[in-house]
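Engineer: final-v6.pdb is reproduced below (PDB, C-alpha atoms).
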ATOM      1  CA  ASP X   1      -8.096   5.174  10.136  1.00  0.00           C
ATOM      2  CA  ALA X   2      -7.726   6.064  13.769  1.00  0.00           C
ATOM      3  CA  GLY X   3      -7.458   2.977  15.951  1.00  0.00           C
ATOM      4  CA  ILE X   4      -6.945   0.377  13.239  1.00  0.00           C
ATOM      5  CA  THR X   5      -3.810  -0.392  11.277  1.00  0.00           C
ATOM      6  CA  GLN X   6      -2.987  -2.993   8.662  1.00  0.00           C
ATOM      7  CA  SER X   7       0.416  -4.382   7.800  1.00  0.00           C
ATOM      8  CA  PRO X   8       2.035  -4.651   5.410  1.00  0.00           C
ATOM      9  CA  ARG X   9       0.552  -2.008   3.134  1.00  0.00           C
ATOM     10  CA  HIS X  10       1.930  -3.634   0.025  1.00  0.00           C
ATOM     11  CA  LYS X  11       3.258  -7.113  -0.629  1.00  0.00           C
ATOM     12  CA  VAL X  12       4.372  -9.102  -3.634  1.00  0.00           C
ATOM     13  CA  THR X  13       4.677 -12.831  -3.133  1.00  0.00           C
ATOM     14  CA  GLU X  14       5.153 -15.925  -5.226  1.00  0.00           C
ATOM     15  CA  THR X  15       2.541 -18.528  -5.992  1.00  0.00           C
ATOM     16  CA  GLY X  16       2.492 -21.306  -3.422  1.00  0.00           C
ATOM     17  CA  THR X  17       4.001 -19.362  -0.551  1.00  0.00           C
ATOM     18  CA  PRO X  18       2.145 -18.670   2.707  1.00  0.00           C
ATOM     19  CA  VAL X  19       1.313 -15.062   3.489  1.00  0.00           C
ATOM     20  CA  THR X  20       0.042 -13.479   6.694  1.00  0.00           C
ATOM     21  CA  LEU X  21      -1.628 -10.104   6.888  1.00  0.00           C
ATOM     22  CA  ARG X  22      -2.070  -8.348  10.192  1.00  0.00           C
ATOM     23  CA  CYS X  23      -4.837  -6.135  11.488  1.00  0.00           C
ATOM     24  CA  HIS X  24      -4.253  -4.313  14.746  1.00  0.00           C
ATOM     25  CA  GLN X  25      -6.728  -2.256  16.739  1.00  0.00           C
ATOM     26  CA  THR X  26      -6.113  -0.103  19.775  1.00  0.00           C
ATOM     27  CA  GLU X  27      -9.698   0.301  21.013  1.00  0.00           C
ATOM     28  CA  ASN X  28     -10.652  -3.132  22.372  1.00  0.00           C
ATOM     29  CA  HIS X  29     -13.578  -3.785  20.022  1.00  0.00           C
ATOM     30  CA  ARG X  30     -15.059  -7.255  20.032  1.00  0.00           C
ATOM     31  CA  TYR X  31     -15.889  -7.647  16.331  1.00  0.00           C
ATOM     32  CA  MET X  32     -13.272  -7.660  13.585  1.00  0.00           C
ATOM     33  CA  TYR X  33     -13.547  -8.543   9.902  1.00  0.00           C
ATOM     34  CA  TRP X  34     -11.465  -9.288   6.838  1.00  0.00           C
ATOM     35  CA  TYR X  35     -12.701  -8.336   3.363  1.00  0.00           C
ATOM     36  CA  ARG X  36     -11.201  -8.478  -0.088  1.00  0.00           C
ATOM     37  CA  GLN X  37     -11.940  -5.917  -2.767  1.00  0.00           C
ATOM     38  CA  ASP X  38     -11.867  -6.732  -6.451  1.00  0.00           C
ATOM     39  CA  PRO X  39     -13.091  -4.656  -9.415  1.00  0.00           C
ATOM     40  CA  GLY X  40     -16.727  -5.366 -10.168  1.00  0.00           C
ATOM     41  CA  HIS X  41     -17.249  -7.324  -6.959  1.00  0.00           C
ATOM     42  CA  GLY X  42     -17.257  -4.688  -4.268  1.00  0.00           C
ATOM     43  CA  LEU X  43     -16.060  -5.919  -0.895  1.00  0.00           C
ATOM     44  CA  ARG X  44     -16.582  -9.544   0.003  1.00  0.00           C
ATOM     45  CA  LEU X  45     -16.332 -10.966   3.496  1.00  0.00           C
ATOM     46  CA  ILE X  46     -13.580 -13.532   4.031  1.00  0.00           C
ATOM     47  CA  HIS X  47     -13.693 -14.227   7.763  1.00  0.00           C
ATOM     48  CA  TYR X  48     -14.796 -12.450  10.874  1.00  0.00           C
ATOM     49  CA  SER X  49     -14.229 -12.672  14.613  1.00  0.00           C
ATOM     50  CA  TYR X  50     -16.532 -12.010  17.528  1.00  0.00           C
ATOM     51  CA  GLY X  51     -13.951 -12.431  20.234  1.00  0.00           C
ATOM     52  CA  VAL X  52     -10.655 -14.024  21.154  1.00  0.00           C
ATOM     53  CA  LYS X  53     -10.444 -17.443  19.527  1.00  0.00           C
ATOM     54  CA  ASP X  54     -13.983 -17.022  18.128  1.00  0.00           C
ATOM     55  CA  THR X  55     -14.027 -16.799  14.353  1.00  0.00           C
ATOM     56  CA  ASP X  56     -16.323 -17.744  11.518  1.00  0.00           C
ATOM     57  CA  LYS X  57     -16.268 -17.990   7.744  1.00  0.00           C
ATOM     58  CA  GLY X  58     -17.577 -15.458   5.322  1.00  0.00           C
ATOM     59  CA  GLU X  59     -18.598 -15.601   1.687  1.00  0.00           C
ATOM     60  CA  VAL X  60     -15.137 -16.249   0.199  1.00  0.00           C
ATOM     61  CA  SER X  61     -13.201 -18.141   2.868  1.00  0.00           C
ATOM     62  CA  ASP X  62     -11.667 -20.917   0.737  1.00  0.00           C
ATOM     63  CA  GLY X  63      -7.867 -20.721   0.819  1.00  0.00           C
ATOM     64  CA  TYR X  64      -7.819 -18.405   3.840  1.00  0.00           C
ATOM     65  CA  SER X  65      -7.510 -18.956   7.566  1.00  0.00           C
ATOM     66  CA  VAL X  66      -7.605 -16.522  10.469  1.00  0.00           C
ATOM     67  CA  SER X  67      -6.500 -16.363  14.057  1.00  0.00           C
ATOM     68  CA  ARG X  68      -7.287 -14.098  16.953  1.00  0.00           C
ATOM     69  CA  SER X  69      -5.248 -14.867  20.053  1.00  0.00           C
ATOM     70  CA  LYS X  70      -5.522 -11.334  21.444  1.00  0.00           C
ATOM     71  CA  THR X  71      -8.375  -8.829  21.242  1.00  0.00           C
ATOM     72  CA  GLU X  72      -6.234  -6.324  19.392  1.00  0.00           C
ATOM     73  CA  ASP X  73      -4.877  -8.547  16.616  1.00  0.00           C
ATOM     74  CA  PHE X  74      -6.689 -10.366  13.818  1.00  0.00           C
ATOM     75  CA  LEU X  75      -4.440 -12.257  11.411  1.00  0.00           C
ATOM     76  CA  LEU X  76      -5.362 -13.418   7.915  1.00  0.00           C
ATOM     77  CA  THR X  77      -3.269 -16.201   6.403  1.00  0.00           C
ATOM     78  CA  LEU X  78      -3.203 -17.328   2.807  1.00  0.00           C
ATOM     79  CA  GLU X  79      -2.034 -20.875   3.264  1.00  0.00           C
ATOM     80  CA  SER X  80      -0.656 -21.258  -0.277  1.00  0.00           C
ATOM     81  CA  ALA X  81      -1.052 -18.080  -2.283  1.00  0.00           C
ATOM     82  CA  THR X  82      -2.563 -18.248  -5.761  1.00  0.00           C
ATOM     83  CA  SER X  83      -2.884 -15.600  -8.455  1.00  0.00           C
ATOM     84  CA  SER X  84      -6.639 -15.443  -7.819  1.00  0.00           C
ATOM     85  CA  GLN X  85      -5.844 -14.075  -4.375  1.00  0.00           C
ATOM     86  CA  THR X  86      -4.248 -10.972  -5.836  1.00  0.00           C
ATOM     87  CA  SER X  87      -6.477  -8.309  -4.343  1.00  0.00           C
ATOM     88  CA  VAL X  88      -6.770  -5.456  -1.905  1.00  0.00           C
ATOM     89  CA  TYR X  89      -7.528  -6.672   1.599  1.00  0.00           C
ATOM     90  CA  PHE X  90      -9.345  -4.561   4.152  1.00  0.00           C
ATOM     91  CA  CYS X  91      -9.742  -5.115   7.838  1.00  0.00           C
ATOM     92  CA  ALA X  92     -12.644  -3.577   9.752  1.00  0.00           C
ATOM     93  CA  ILE X  93     -13.859  -3.192  13.311  1.00  0.00           C
ATOM     94  CA  ARG X  94     -17.384  -2.659  14.540  1.00  0.00           C
ATOM     95  CA  ARG X  95     -17.847   0.085  17.049  1.00  0.00           C
ATOM     96  CA  ASP X  96     -20.505   0.120  19.762  1.00  0.00           C
ATOM     97  CA  ASN X  97     -22.699   2.513  17.759  1.00  0.00           C
ATOM     98  CA  TYR X  98     -22.697   0.101  14.791  1.00  0.00           C
ATOM     99  CA  GLY X  99     -20.211   2.212  12.947  1.00  0.00           C
ATOM    100  CA  TYR X 100     -17.788   0.044  11.025  1.00  0.00           C
ATOM    101  CA  THR X 101     -14.319   1.492  10.576  1.00  0.00           C
ATOM    102  CA  PHE X 102     -11.952   0.217   7.932  1.00  0.00           C
ATOM    103  CA  GLY X 103      -8.194   0.078   7.787  1.00  0.00           C
ATOM    104  CA  SER X 104      -6.200   1.546   4.936  1.00  0.00           C
ATOM    105  CA  GLY X 105      -5.880  -1.771   3.146  1.00  0.00           C
ATOM    106  CA  THR X 106      -3.142  -4.162   2.046  1.00  0.00           C
ATOM    107  CA  ARG X 107      -2.440  -4.494  -1.653  1.00  0.00           C
ATOM    108  CA  LEU X 108      -1.325  -8.082  -2.280  1.00  0.00           C
ATOM    109  CA  THR X 109       0.079  -9.261  -5.582  1.00  0.00           C
ATOM    110  CA  VAL X 110       0.713 -12.956  -6.178  1.00  0.00           C
ATOM    111  CA  VAL X 111       3.083 -13.633  -9.074  1.00  0.00           C
TER     112      VAL X 111
ATOM    113  CA  ALA W   1     -29.500 -14.180   3.516  1.00  0.00           C
ATOM    114  CA  GLN W   2     -28.883 -10.527   3.059  1.00  0.00           C
ATOM    115  CA  SER W   3     -27.929  -8.921  -0.212  1.00  0.00           C
ATOM    116  CA  VAL W   4     -27.459  -5.494  -1.720  1.00  0.00           C
ATOM    117  CA  THR W   5     -28.034  -4.401  -5.289  1.00  0.00           C
ATOM    118  CA  GLN W   6     -26.640  -1.147  -6.563  1.00  0.00           C
ATOM    119  CA  LEU W   7     -28.293  -0.160  -9.806  1.00  0.00           C
ATOM    120  CA  GLY W   8     -25.768   1.215 -12.253  1.00  0.00           C
ATOM    121  CA  SER W   9     -22.091   0.447 -11.943  1.00  0.00           C
ATOM    122  CA  HIS W  10     -21.265   3.872 -13.374  1.00  0.00           C
ATOM    123  CA  VAL W  11     -23.153   7.160 -13.033  1.00  0.00           C
ATOM    124  CA  SER W  12     -22.103  10.381 -14.762  1.00  0.00           C
ATOM    125  CA  VAL W  13     -23.379  13.830 -13.843  1.00  0.00           C
ATOM    126  CA  SER W  14     -22.458  17.412 -14.560  1.00  0.00           C
ATOM    127  CA  GLU W  15     -21.148  19.673 -11.850  1.00  0.00           C
ATOM    128  CA  GLY W  16     -24.125  21.239 -10.064  1.00  0.00           C
ATOM    129  CA  ALA W  17     -26.534  18.486 -11.077  1.00  0.00           C
ATOM    130  CA  LEU W  18     -28.448  16.183  -8.769  1.00  0.00           C
ATOM    131  CA  VAL W  19     -26.649  13.028  -7.697  1.00  0.00           C
ATOM    132  CA  LEU W  20     -28.795   9.914  -7.269  1.00  0.00           C
ATOM    133  CA  LEU W  21     -27.179   6.566  -6.501  1.00  0.00           C
ATOM    134  CA  ARG W  22     -29.585   3.677  -6.124  1.00  0.00           C
ATOM    135  CA  CYS W  23     -29.434   0.894  -3.565  1.00  0.00           C
ATOM    136  CA  ASN W  24     -31.902  -1.895  -2.893  1.00  0.00           C
ATOM    137  CA  TYR W  25     -31.445  -4.454  -0.166  1.00  0.00           C
ATOM    138  CA  SER W  26     -32.797  -7.789   0.906  1.00  0.00           C
ATOM    139  CA  SER W  27     -32.974  -8.680   4.581  1.00  0.00           C
ATOM    140  CA  SER W  28     -35.144 -10.974   6.675  1.00  0.00           C
ATOM    141  CA  VAL W  29     -34.742  -8.773   9.753  1.00  0.00           C
ATOM    142  CA  PRO W  30     -34.846  -4.989  10.214  1.00  0.00           C
ATOM    143  CA  PRO W  31     -31.706  -3.828   8.485  1.00  0.00           C
ATOM    144  CA  TYR W  32     -29.024  -1.363   9.341  1.00  0.00           C
ATOM    145  CA  LEU W  33     -27.963   0.423   6.157  1.00  0.00           C
ATOM    146  CA  PHE W  34     -24.782   2.240   5.231  1.00  0.00           C
ATOM    147  CA  TRP W  35     -23.179   4.237   2.453  1.00  0.00           C
ATOM    148  CA  TYR W  36     -19.412   4.396   2.123  1.00  0.00           C
ATOM    149  CA  VAL W  37     -17.241   6.382  -0.263  1.00  0.00           C
ATOM    150  CA  GLN W  38     -13.839   5.357  -1.572  1.00  0.00           C
ATOM    151  CA  TYR W  39     -11.499   7.761  -3.312  1.00  0.00           C
ATOM    152  CA  PRO W  40      -8.811   6.331  -5.598  1.00  0.00           C
ATOM    153  CA  ASN W  41      -6.180   4.298  -3.761  1.00  0.00           C
ATOM    154  CA  GLN W  42      -7.745   5.019  -0.398  1.00  0.00           C
ATOM    155  CA  GLY W  43      -9.784   3.166   2.198  1.00  0.00           C
ATOM    156  CA  LEU W  44     -13.504   3.397   2.871  1.00  0.00           C
ATOM    157  CA  GLN W  45     -15.047   6.396   4.551  1.00  0.00           C
ATOM    158  CA  LEU W  46     -18.503   6.300   6.113  1.00  0.00           C
ATOM    159  CA  LEU W  47     -20.896   8.793   4.507  1.00  0.00           C
ATOM    160  CA  LEU W  48     -23.968   7.976   6.569  1.00  0.00           C
ATOM    161  CA  LYS W  49     -25.846   5.173   8.250  1.00  0.00           C
ATOM    162  CA  TYR W  50     -29.392   4.265   9.188  1.00  0.00           C
ATOM    163  CA  THR W  51     -30.003   2.169  12.284  1.00  0.00           C
ATOM    164  CA  THR W  52     -33.319   3.192  13.810  1.00  0.00           C
ATOM    165  CA  GLY W  53     -35.444   6.318  14.069  1.00  0.00           C
ATOM    166  CA  ALA W  54     -35.731   8.971  11.392  1.00  0.00           C
ATOM    167  CA  THR W  55     -35.746   7.430   7.948  1.00  0.00           C
ATOM    168  CA  LEU W  56     -34.100  10.423   6.270  1.00  0.00           C
ATOM    169  CA  VAL W  57     -30.451  10.356   7.204  1.00  0.00           C
ATOM    170  CA  LYS W  58     -28.025  13.191   6.601  1.00  0.00           C
ATOM    171  CA  GLY W  59     -24.365  12.493   6.162  1.00  0.00           C
ATOM    172  CA  ILE W  60     -21.117  14.213   5.421  1.00  0.00           C
ATOM    173  CA  ASN W  61     -20.339  16.322   2.349  1.00  0.00           C
ATOM    174  CA  GLY W  62     -24.011  17.203   1.757  1.00  0.00           C
ATOM    175  CA  PHE W  63     -25.187  13.654   1.089  1.00  0.00           C
ATOM    176  CA  GLU W  64     -28.388  12.182   2.433  1.00  0.00           C
ATOM    177  CA  ALA W  65     -30.310   8.932   2.077  1.00  0.00           C
ATOM    178  CA  GLU W  66     -33.831   7.818   2.834  1.00  0.00           C
ATOM    179  CA  PHE W  67     -34.768   4.383   4.164  1.00  0.00           C
ATOM    180  CA  LYS W  68     -37.958   3.188   2.470  1.00  0.00           C
ATOM    181  CA  LYS W  69     -39.019  -0.106   3.956  1.00  0.00           C
ATOM    182  CA  SER W  70     -41.883  -0.643   1.497  1.00  0.00           C
ATOM    183  CA  GLU W  71     -39.486  -0.298  -1.425  1.00  0.00           C
ATOM    184  CA  THR W  72     -36.526  -2.001   0.325  1.00  0.00           C
ATOM    185  CA  SER W  73     -34.433   0.938  -0.825  1.00  0.00           C
ATOM    186  CA  PHE W  74     -31.799   3.266   0.575  1.00  0.00           C
ATOM    187  CA  HIS W  75     -30.924   5.623  -2.256  1.00  0.00           C
ATOM    188  CA  LEU W  76     -28.159   8.201  -1.832  1.00  0.00           C
ATOM    189  CA  THR W  77     -28.695  11.766  -3.033  1.00  0.00           C
ATOM    190  CA  LYS W  78     -26.924  15.096  -3.161  1.00  0.00           C
ATOM    191  CA  PRO W  79     -28.649  18.169  -4.582  1.00  0.00           C
ATOM    192  CA  SER W  80     -25.617  19.606  -6.358  1.00  0.00           C
ATOM    193  CA  ALA W  81     -22.606  17.587  -7.471  1.00  0.00           C
ATOM    194  CA  HIS W  82     -19.084  18.866  -7.007  1.00  0.00           C
ATOM    195  CA  MET W  83     -15.995  17.721  -8.842  1.00  0.00           C
ATOM    196  CA  SER W  84     -14.622  16.401  -5.558  1.00  0.00           C
ATOM    197  CA  ASP W  85     -17.539  13.943  -5.314  1.00  0.00           C
ATOM    198  CA  ALA W  86     -16.029  11.779  -8.050  1.00  0.00           C
ATOM    199  CA  ALA W  87     -15.344   8.461  -6.331  1.00  0.00           C
ATOM    200  CA  GLU W  88     -16.708   4.963  -5.867  1.00  0.00           C
ATOM    201  CA  TYR W  89     -19.710   4.564  -3.604  1.00  0.00           C
ATOM    202  CA  PHE W  90     -20.747   1.413  -1.776  1.00  0.00           C
ATOM    203  CA  CYS W  91     -24.052   0.580  -0.169  1.00  0.00           C
ATOM    204  CA  ALA W  92     -23.985  -2.008   2.621  1.00  0.00           C
ATOM    205  CA  VAL W  93     -26.416  -3.777   4.929  1.00  0.00           C
ATOM    206  CA  SER W  94     -26.131  -5.578   8.236  1.00  0.00           C
ATOM    207  CA  GLU W  95     -28.675  -7.479  10.266  1.00  0.00           C
ATOM    208  CA  GLY W  96     -29.023  -4.732  12.824  1.00  0.00           C
ATOM    209  CA  GLN W  97     -28.506  -5.689  16.402  1.00  0.00           C
ATOM    210  CA  ALA W  98     -28.609  -9.374  15.620  1.00  0.00           C
ATOM    211  CA  GLY W  99     -25.919  -9.317  13.029  1.00  0.00           C
ATOM    212  CA  THR W 100     -22.322  -8.431  12.691  1.00  0.00           C
ATOM    213  CA  ALA W 101     -20.764  -8.311   9.251  1.00  0.00           C
ATOM    214  CA  LEU W 102     -21.524  -5.761   6.580  1.00  0.00           C
ATOM    215  CA  ILE W 103     -22.653  -7.121   3.243  1.00  0.00           C
ATOM    216  CA  PHE W 104     -21.715  -4.819   0.373  1.00  0.00           C
ATOM    217  CA  GLY W 105     -23.086  -4.014  -3.024  1.00  0.00           C
ATOM    218  CA  LYS W 106     -20.725  -4.075  -5.979  1.00  0.00           C
ATOM    219  CA  GLY W 107     -20.289  -0.330  -5.992  1.00  0.00           C
ATOM    220  CA  THR W 108     -21.141   2.616  -8.214  1.00  0.00           C
ATOM    221  CA  THR W 109     -18.484   4.840  -9.723  1.00  0.00           C
ATOM    222  CA  LEU W 110     -19.568   8.459  -9.851  1.00  0.00           C
ATOM    223  CA  SER W 111     -18.017  10.710 -12.481  1.00  0.00           C
ATOM    224  CA  VAL W 112     -18.534  14.471 -12.378  1.00  0.00           C
ATOM    225  CA  SER W 113     -17.867  16.612 -15.436  1.00  0.00           C
ATOM    226  CA  SER W 114     -17.439  20.351 -15.591  1.00  0.00           C
TER     227      SER W 114
END
Would you mind giving the structure from this file in structure tokens?
Structural biologist:
Amino acid sequence: DAGITQSPRHKVTETGTPVTLRCHQTENHRYMYWYRQDPGHGLRLIHYSYGVKDTDKGEVSDGYSVSRSKTEDFLLTLESATSSQTSVYFCAIRRDNYGYTFGSGTRLTVV
Amino acid sequence: AQSVTQLGSHVSVSEGALVLLRCNYSSSVPPYLFWYVQYPNQGLQLLLKYTTGATLVKGINGFEAEFKKSETSFHLTKPSAHMSDAAEYFCAVSEGQAGTALIFGKGTTLSVSS
């Protein structure tokens, strides 16, 4: 969507390797989020950020870490990827009018 | 803690029929409520949202939803289904001005037959 991009769009990685997903915004919004989407579970919050260096855990944070050193970038790291982390990952920003805009997603496969 | 329940993981309607997707929420503070649509292999698109004010909210593509505080519901409706409405629909809640993250329901897949 306009103003928010995720990279990579697709990734296949091996079990046990670290993986970093990037979310980049161009509109200087304070709040950013990482979700994962799995069939039958909807979207579940992994981590979120309310400013540079200010982050907090969501519902399913185990095995994930995040960093936000600049307003525009919010990184999600899988410290040691497992097959259970195969999923589609979405980044989101919250706009001033409480509209949440989502990126196009990253499809991650852990083999 | 907030939560969202979407009744029915799969709803099937005929083209031209009424679409009704049910959403109930739990929130300890006045909620902000949202409906998103996701087409296959795509991201999430906002259909409509309720923050404050009028409880009947109109969105894109002819959809609307009504916030009923007494029933803790925010059901999504469309008077006449179109084949292009076939998609997955997600209801979500946030804690209004006090909160940040959206909490999602598990989704409802809408099928439309001709």
Engineer: Would you please work out which residue, of W:Ser14, W:Thr100, W:Ser114, W:Gly8, is nearest to chain X when using only C-alpha atoms?
Structural biologist: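 Checking each candidate against chain X, we get W:Thr100 as the closest.
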Engineer: Starting from the shown file, work through the PyMOL selection byres ((chain X and resi 72) around 12) and note down what comes out as a ChimeraX atom specification.
Structural biologist: /X:3-6,22-32,49-53,67-71,73-75,92-93
Engineer: Using all atoms listed in the file, which residue out of W:Ser12, W:Thr5, W:Gln45, W:Ser70 lies closest to chain X?
Structural biologist: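 Smallest distance to chain X is found for W:Gln45.
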Engineer: Which residues of chain X come within 9 Å of chain W, and what is each one's closest atom pair and distance in Å (one decimal), counting all atoms listed in the file, sorted by chain and residue number, as CSV?
Structural biologist:
residue,atom,partner,partner_atom,distance
X:Asp1,CA,W:Gly43,CA,8.4
X:Tyr31,CA,W:Thr100,CA,7.4
X:Met32,CA,W:Ala101,CA,8.7
X:Tyr33,CA,W:Ala101,CA,7.3
X:Pro39,CA,W:Lys106,CA,8.4
X:Gly40,CA,W:Lys106,CA,5.9
X:His41,CA,W:Lys106,CA,4.9
X:Gly42,CA,W:Lys106,CA,3.9
X:Leu43,CA,W:Phe104,CA,5.9
X:Arg44,CA,W:Phe104,CA,7.0
X:Leu45,CA,W:Ile103,CA,7.4
X:Tyr48,CA,W:Ala101,CA,7.4
X:Tyr50,CA,W:Thr100,CA,8.4
X:Gly58,CA,W:Ala101,CA,8.8
X:Phe90,CA,W:Gly43,CA,8.0
X:Arg94,CA,W:Thr100,CA,7.8
X:Tyr98,CA,W:Thr51,CA,8.0
X:Gly99,CA,W:Lys49,CA,7.9
X:Tyr100,CA,W:Leu46,CA,8.0
X:Thr101,CA,W:Leu46,CA,7.8
X:Phe102,CA,W:Leu44,CA,6.2
X:Gly103,CA,W:Gly43,CA,6.6
X:Ser104,CA,W:Gly43,CA,4.8
X:Gly105,CA,W:Gly43,CA,6.4
Engineer: I'd like to see the residues matched by the PyMOL selection byres ((chain W and resi 21) around 10) on this file, and ideally I'd get them as a ChimeraX atom specification.
Structural biologist: /W:6-11,18-20,22-23,65,74-78,89-91,107-110
Engineer: Grab the atom CA of X:Asp54 to atom CA of X:Ser84 distance for me, in Å with one decimal place.
Structural biologist: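 Here the two named atoms are 27.0 Å from each other.
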Engineer: For X:Thr15, which of X:Arg36, X:Ser80, X:Ile46, X:Tyr64 is the closest residue, counting all atoms listed in the file?
Structural biologist: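 Once distances to X:Thr15 are computed over all atoms listed in the file, the minimum belongs to X:Ser80.
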Engineer: Just how far from atom CA of X:Ser61 is atom CA of X:Pro8, in Å to one decimal?
Structural biologist: 20.5 Å
Engineer: Which neighbours of X:Val88 fall inside 6 Å, counting only C-alpha atoms, when residues of the same chain fewer than 6 positions from it are skipped, and could you give them as an mmCIF file with C-alpha atoms, keeping the file's coordinate frame?
Structural biologist:
data_model
loop_
_atom_site.group_PDB
_atom_site.id
_atom_site.type_symbol
_atom_site.label_atom_id
_atom_site.label_comp_id
_atom_site.auth_asym_id
_atom_site.auth_seq_id
_atom_site.Cartn_x
_atom_site.Cartn_y
_atom_site.Cartn_z
ATOM 1 C CA ARG X 36 -11.201 -8.478 -0.088
ATOM 2 C CA GLN X 37 -11.940 -5.917 -2.767
ATOM 3 C CA THR X 106 -3.142 -4.162 2.046
ATOM 4 C CA ARG X 107 -2.440 -4.494 -1.653
#
Engineer: To one decimal place in Å, what is the distance between atom CA of X:Asp56 and atom CA of W:Val4?
Structural biologist: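 So the answer is 21.2 Å.
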Engineer: Please write out, as AutoDock Vina command-line options, where the centre of an axis-aligned box around all listed atoms of stretch 57-73 of chain X lies and how long its edges are, in Å to one decimal, after adding 4 Å on each side.
Structural biologist:
--center_x -11.7 --center_y -13.6 --center_z 10.8 --size_x 21.7 --size_y 22.6 --size_z 29.2
Engineer: Take the PyMOL selection byres ((chain W and resi 72) around 7), apply it to the structure above, and return the hits as a ChimeraX atom specification.
Structural biologist: /W:24-26,68-71,73
Engineer: Just the selected residues (C-alpha atoms), exported as a PDB file, in the coordinates of the input, please.
Structural biologist:
ATOM      1  CA  ASN W  24     -31.902  -1.895  -2.893  1.00  0.00           C
ATOM      2  CA  TYR W  25     -31.445  -4.454  -0.166  1.00  0.00           C
ATOM      3  CA  SER W  26     -32.797  -7.789   0.906  1.00  0.00           C
ATOM      4  CA  LYS W  68     -37.958   3.188   2.470  1.00  0.00           C
ATOM      5  CA  LYS W  69     -39.019  -0.106   3.956  1.00  0.00           C
ATOM      6  CA  SER W  70     -41.883  -0.643   1.497  1.00  0.00           C
ATOM      7  CA  GLU W  71     -39.486  -0.298  -1.425  1.00  0.00           C
ATOM      8  CA  SER W  73     -34.433   0.938  -0.825  1.00  0.00           C
TER       9      SER W  73
END
Engineer: Could you add N, CA and C atoms to stretch 11-26 of chain X and give me the result as a CSV table (one decimal), in the coordinates of the input?
Structural biologist:
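Below you can see selection.csv, which holds the result:
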chain,number,residue,atom,x,y,z
X,11,LYS,N,2.4,-5.9,-0.7
X,11,LYS,CA,3.3,-7.1,-0.6
X,11,LYS,C,3.2,-7.8,-2.0
X,12,VAL,N,4.3,-8.3,-2.4
X,12,VAL,CA,4.4,-9.1,-3.6
X,12,VAL,C,4.9,-10.4,-3.2
X,13,THR,N,4.3,-11.5,-3.6
X,13,THR,CA,4.7,-12.8,-3.1
X,13,THR,C,4.6,-13.8,-4.3
X,14,GLU,N,5.2,-14.9,-4.2
X,14,GLU,CA,5.2,-15.9,-5.2
X,14,GLU,C,4.1,-17.0,-5.0
X,15,THR,N,3.5,-17.5,-6.1
X,15,THR,CA,2.5,-18.5,-6.0
X,15,THR,C,3.0,-19.7,-5.1
X,16,GLY,N,2.2,-20.2,-4.2
X,16,GLY,CA,2.5,-21.3,-3.4
X,16,GLY,C,3.1,-21.0,-2.1
X,17,THR,N,3.4,-19.7,-1.8
X,17,THR,CA,4.0,-19.4,-0.6
X,17,THR,C,2.9,-18.9,0.4
X,18,PRO,N,3.1,-19.2,1.7
X,18,PRO,CA,2.1,-18.7,2.7
X,18,PRO,C,2.4,-17.2,3.0
X,19,VAL,N,1.3,-16.5,3.2
X,19,VAL,CA,1.3,-15.1,3.5
X,19,VAL,C,0.4,-14.8,4.7
X,20,THR,N,0.9,-13.9,5.6
X,20,THR,CA,0.0,-13.5,6.7
X,20,THR,C,-0.1,-12.0,6.7
X,21,LEU,N,-1.3,-11.5,6.8
X,21,LEU,CA,-1.6,-10.1,6.9
X,21,LEU,C,-2.1,-9.8,8.3
X,22,ARG,N,-1.7,-8.7,8.8
X,22,ARG,CA,-2.1,-8.3,10.2
X,22,ARG,C,-3.0,-7.1,10.3
X,23,CYS,N,-4.0,-7.2,11.2
X,23,CYS,CA,-4.8,-6.1,11.5
X,23,CYS,C,-4.7,-5.9,13.0
X,24,HIS,N,-4.4,-4.7,13.3
X,24,HIS,CA,-4.3,-4.3,14.7
X,24,HIS,C,-5.2,-3.2,15.1
X,25,GLN,N,-5.9,-3.3,16.2
X,25,GLN,CA,-6.7,-2.3,16.7
X,25,GLN,C,-6.3,-1.9,18.1
X,26,THR,N,-6.5,-0.6,18.5
X,26,THR,CA,-6.1,-0.1,19.8
X,26,THR,C,-7.3,0.2,20.7
